[in-house]
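These notes are about the structure you will find just below.
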Amino acid sequence: MRYTVPAEKKLTYECRIPMRWGDMDAMGHINNTIYFRYLEIARVDWLTAIGAPPNPGGQGPVIVNAFCNFYRQLKCPGEVLARHYVSDPGRTSFETWITLERADEPGAIYAEGGATTLWFDAQTDRAVALPDWVRALVS
C-alpha cells in the first residue's frame, strides 16, 4: 500500500541531517530503517521548536502510524534535506508529511513519509483535543 503526500499541505520546518557512514547497510545505501529515523528527527525537531516536545508525563504529541515511500537510494556522504509539512487537523490529531532530498540535489525527492500525530494525555492514557495554539499552527 502506498500513501501519498497531499498537494495541499503547509510547510512548517526544514532541517539538514548528516548521512553517516554507519547508516549504510551491506547494499551500500542508507538502510531503510534510517529513513524512519530521519523522518523522526525532522518531526521531533519541529515539535521541539514550537514548544511541544514529546512529554511522557503530561500532554503532548504521539504518533499513531508512520509510513515511508522509497524512491531513490540515499548514499553517504552527504546531507539529507528534510522538509516537514502539516495538514488535516482534526479534533485530536493532525497529519505530518516529510520529504527527504539530498541537500546537494534540491528538488529530487529520494523518499517521502509521514505520520498521524495525536495529542495525548499520558496521565489518563487518552487522546485529548488539540490545544488552540497547536491547531493554529497546523491549520
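We name chains A, B, ... following the order of the C-alpha cells; residues begin at 1 in each chain, and ligands are numbered from 1 as shown.
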Legend entry - Which of chain A fall in strand (DSSP E or B), as a ChimeraX atom specification: /A:10-19,24,30,59-70,78-87,93-102,109-121,126-127
Writer output for current selection, C-alpha atoms, as a PDB file, in the first residue's frame:
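As a result, part_23.pdb now contains:
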```pdb
ATOM      1  CA  LYS A  10       1.652  23.659   4.951  1.00  0.00           C
ATOM      2  CA  LEU A  11       5.469  23.809   5.103  1.00  0.00           C
ATOM      3  CA  THR A  12       6.427  24.250   8.756  1.00  0.00           C
ATOM      4  CA  TYR A  13      10.091  23.294   9.081  1.00  0.00           C
ATOM      5  CA  GLU A  14      13.260  22.369   7.205  1.00  0.00           C
ATOM      6  CA  CYS A  15      16.450  20.817   8.514  1.00  0.00           C
ATOM      7  CA  ARG A  16      19.631  19.182   7.267  1.00  0.00           C
ATOM      8  CA  ILE A  17      20.660  15.817   8.640  1.00  0.00           C
ATOM      9  CA  PRO A  18      24.126  14.388   8.019  1.00  0.00           C
ATOM     10  CA  MET A  19      24.247  10.916   6.497  1.00  0.00           C
ATOM     11  CA  MET A  24      24.637   2.404   5.301  1.00  0.00           C
ATOM     12  CA  ILE A  30      21.314   4.150   3.634  1.00  0.00           C
ATOM     13  CA  GLN A  59       0.064  16.115  27.466  1.00  0.00           C
ATOM     14  CA  GLY A  60       1.741  16.201  24.101  1.00  0.00           C
ATOM     15  CA  PRO A  61       2.236  14.552  20.729  1.00  0.00           C
ATOM     16  CA  VAL A  62       2.466  10.857  19.963  1.00  0.00           C
ATOM     17  CA  ILE A  63       2.279   9.180  16.584  1.00  0.00           C
ATOM     18  CA  VAL A  64      -0.283   6.512  15.793  1.00  0.00           C
ATOM     19  CA  ASN A  65       1.069   5.385  12.414  1.00  0.00           C
ATOM     20  CA  ALA A  66       4.063   6.019  10.203  1.00  0.00           C
ATOM     21  CA  PHE A  67       4.942   5.330   6.593  1.00  0.00           C
ATOM     22  CA  CYS A  68       7.756   5.885   4.144  1.00  0.00           C
ATOM     23  CA  ASN A  69       7.835   5.598   0.365  1.00  0.00           C
ATOM     24  CA  PHE A  70      11.333   4.936  -1.003  1.00  0.00           C
ATOM     25  CA  GLY A  78      26.183  13.987   2.212  1.00  0.00           C
ATOM     26  CA  GLU A  79      23.314  15.655   3.973  1.00  0.00           C
ATOM     27  CA  VAL A  80      19.600  14.977   3.808  1.00  0.00           C
ATOM     28  CA  LEU A  81      17.318  17.978   3.419  1.00  0.00           C
ATOM     29  CA  ALA A  82      14.119  17.161   5.302  1.00  0.00           C
ATOM     30  CA  ARG A  83      11.045  19.316   4.639  1.00  0.00           C
ATOM     31  CA  HIS A  84       8.253  18.965   7.198  1.00  0.00           C
ATOM     32  CA  TYR A  85       4.618  19.751   6.374  1.00  0.00           C
ATOM     33  CA  VAL A  86       1.294  19.534   8.216  1.00  0.00           C
ATOM     34  CA  SER A  87      -2.303  19.128   7.095  1.00  0.00           C
ATOM     35  CA  SER A  93      -4.846  14.888  15.634  1.00  0.00           C
ATOM     36  CA  PHE A  94      -3.166  16.228  12.515  1.00  0.00           C
ATOM     37  CA  GLU A  95      -1.095  14.776   9.704  1.00  0.00           C
ATOM     38  CA  THR A  96       2.636  15.317   9.302  1.00  0.00           C
ATOM     39  CA  TRP A  97       4.420  14.791   5.986  1.00  0.00           C
ATOM     40  CA  ILE A  98       8.137  14.859   5.296  1.00  0.00           C
ATOM     41  CA  THR A  99      10.098  14.797   2.068  1.00  0.00           C
ATOM     42  CA  LEU A 100      13.739  13.710   2.014  1.00  0.00           C
ATOM     43  CA  GLU A 101      16.162  15.071  -0.583  1.00  0.00           C
ATOM     44  CA  ARG A 102      19.916  15.237  -0.828  1.00  0.00           C
ATOM     45  CA  ILE A 109      12.764  13.561  -3.755  1.00  0.00           C
ATOM     46  CA  TYR A 110      14.516  10.430  -2.519  1.00  0.00           C
ATOM     47  CA  ALA A 111      11.763   9.434  -0.082  1.00  0.00           C
ATOM     48  CA  GLU A 112       8.651  10.828   1.495  1.00  0.00           C
ATOM     49  CA  GLY A 113       6.805   9.768   4.573  1.00  0.00           C
ATOM     50  CA  GLY A 114       4.561  10.878   7.321  1.00  0.00           C
ATOM     51  CA  ALA A 115       2.633  10.108  10.452  1.00  0.00           C
ATOM     52  CA  THR A 116      -0.656  10.844  12.100  1.00  0.00           C
ATOM     53  CA  THR A 117       0.171  12.871  15.194  1.00  0.00           C
ATOM     54  CA  LEU A 118      -2.250  12.554  18.097  1.00  0.00           C
ATOM     55  CA  TRP A 119      -2.440  14.899  21.077  1.00  0.00           C
ATOM     56  CA  PHE A 120      -2.280  12.603  24.084  1.00  0.00           C
ATOM     57  CA  ASP A 121      -2.632  12.824  27.855  1.00  0.00           C
ATOM     58  CA  ARG A 126      -6.340   9.024  26.230  1.00  0.00           C
ATOM     59  CA  ALA A 127      -6.386  11.376  23.287  1.00  0.00           C
TER      60      ALA A 127
END
```
Inset, instruction - Using backbone DSSP assignments, extract all helix (DSSP H, G or I) residues from chain A; output them as a list of chain:residue names. - result: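 Answer for chain A, restricted to helix (DSSP H, G or I): A:Trp21, A:Gly22, A:Asp23, A:Asn32, A:Thr33, A:Ile34, A:Tyr35, A:Phe36, A:Arg37, A:Tyr38, A:Leu39, A:Glu40, A:Ile41, A:Ala42, A:Arg43, A:Val44, A:Asp45, A:Trp46, A:Leu47, A:Thr48, A:Ala49, A:Asp132, A:Trp133, A:Val134, A:Arg135, A:Ala136, A:Leu137, A:Val138.
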Legend entry - Spatial neighbours of Pro89 in chain A, max dist 7 Å, only C-alpha atoms, sep filter under 6 positions, as a ChimeraX atom specification: /A:95,135,138-139
Inset, instruction - For Met27 in chain A, please output as a VMD selection string all residues within 12 Å (counting only C-alpha atoms; exclusion window: fewer than 5 positions along the same chain). - result: chain A and resid 32 73 to 75
Please produce a file of those selected residues containing N, CA, C and O atoms, as a PDB file, in the first residue's frame.
```
ATOM      1  N   ASN A  32      16.989   1.177   5.175  1.00  0.00           N
ATOM      2  CA  ASN A  32      15.610   1.673   5.202  1.00  0.00           C
ATOM      3  C   ASN A  32      15.155   2.116   6.592  1.00  0.00           C
ATOM      4  O   ASN A  32      14.361   3.045   6.713  1.00  0.00           O
ATOM      5  N   GLN A  73      17.858   5.684  -3.915  1.00  0.00           N
ATOM      6  CA  GLN A  73      18.779   5.285  -2.856  1.00  0.00           C
ATOM      7  C   GLN A  73      19.608   6.468  -2.376  1.00  0.00           C
ATOM      8  O   GLN A  73      20.273   7.128  -3.177  1.00  0.00           O
ATOM      9  N   LEU A  74      19.564   6.723  -1.085  1.00  0.00           N
ATOM     10  CA  LEU A  74      20.478   7.697  -0.480  1.00  0.00           C
ATOM     11  C   LEU A  74      21.795   6.987  -0.206  1.00  0.00           C
ATOM     12  O   LEU A  74      21.805   5.859   0.293  1.00  0.00           O
ATOM     13  N   LYS A  75      22.896   7.652  -0.542  1.00  0.00           N
ATOM     14  CA  LYS A  75      24.219   7.090  -0.294  1.00  0.00           C
ATOM     15  C   LYS A  75      25.093   8.131   0.373  1.00  0.00           C
ATOM     16  O   LYS A  75      25.042   9.308   0.054  1.00  0.00           O
TER      17      LYS A  75
END
```
Inset, instruction - For CA of Thr4 in chain A and CA of Tyr71 in chain A, determine how far apart the two atoms are, in Å to one decimal place. - result: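 According to the coordinates, CA of Thr4 in chain A and CA of Tyr71 in chain A are separated by 12.2 Å.
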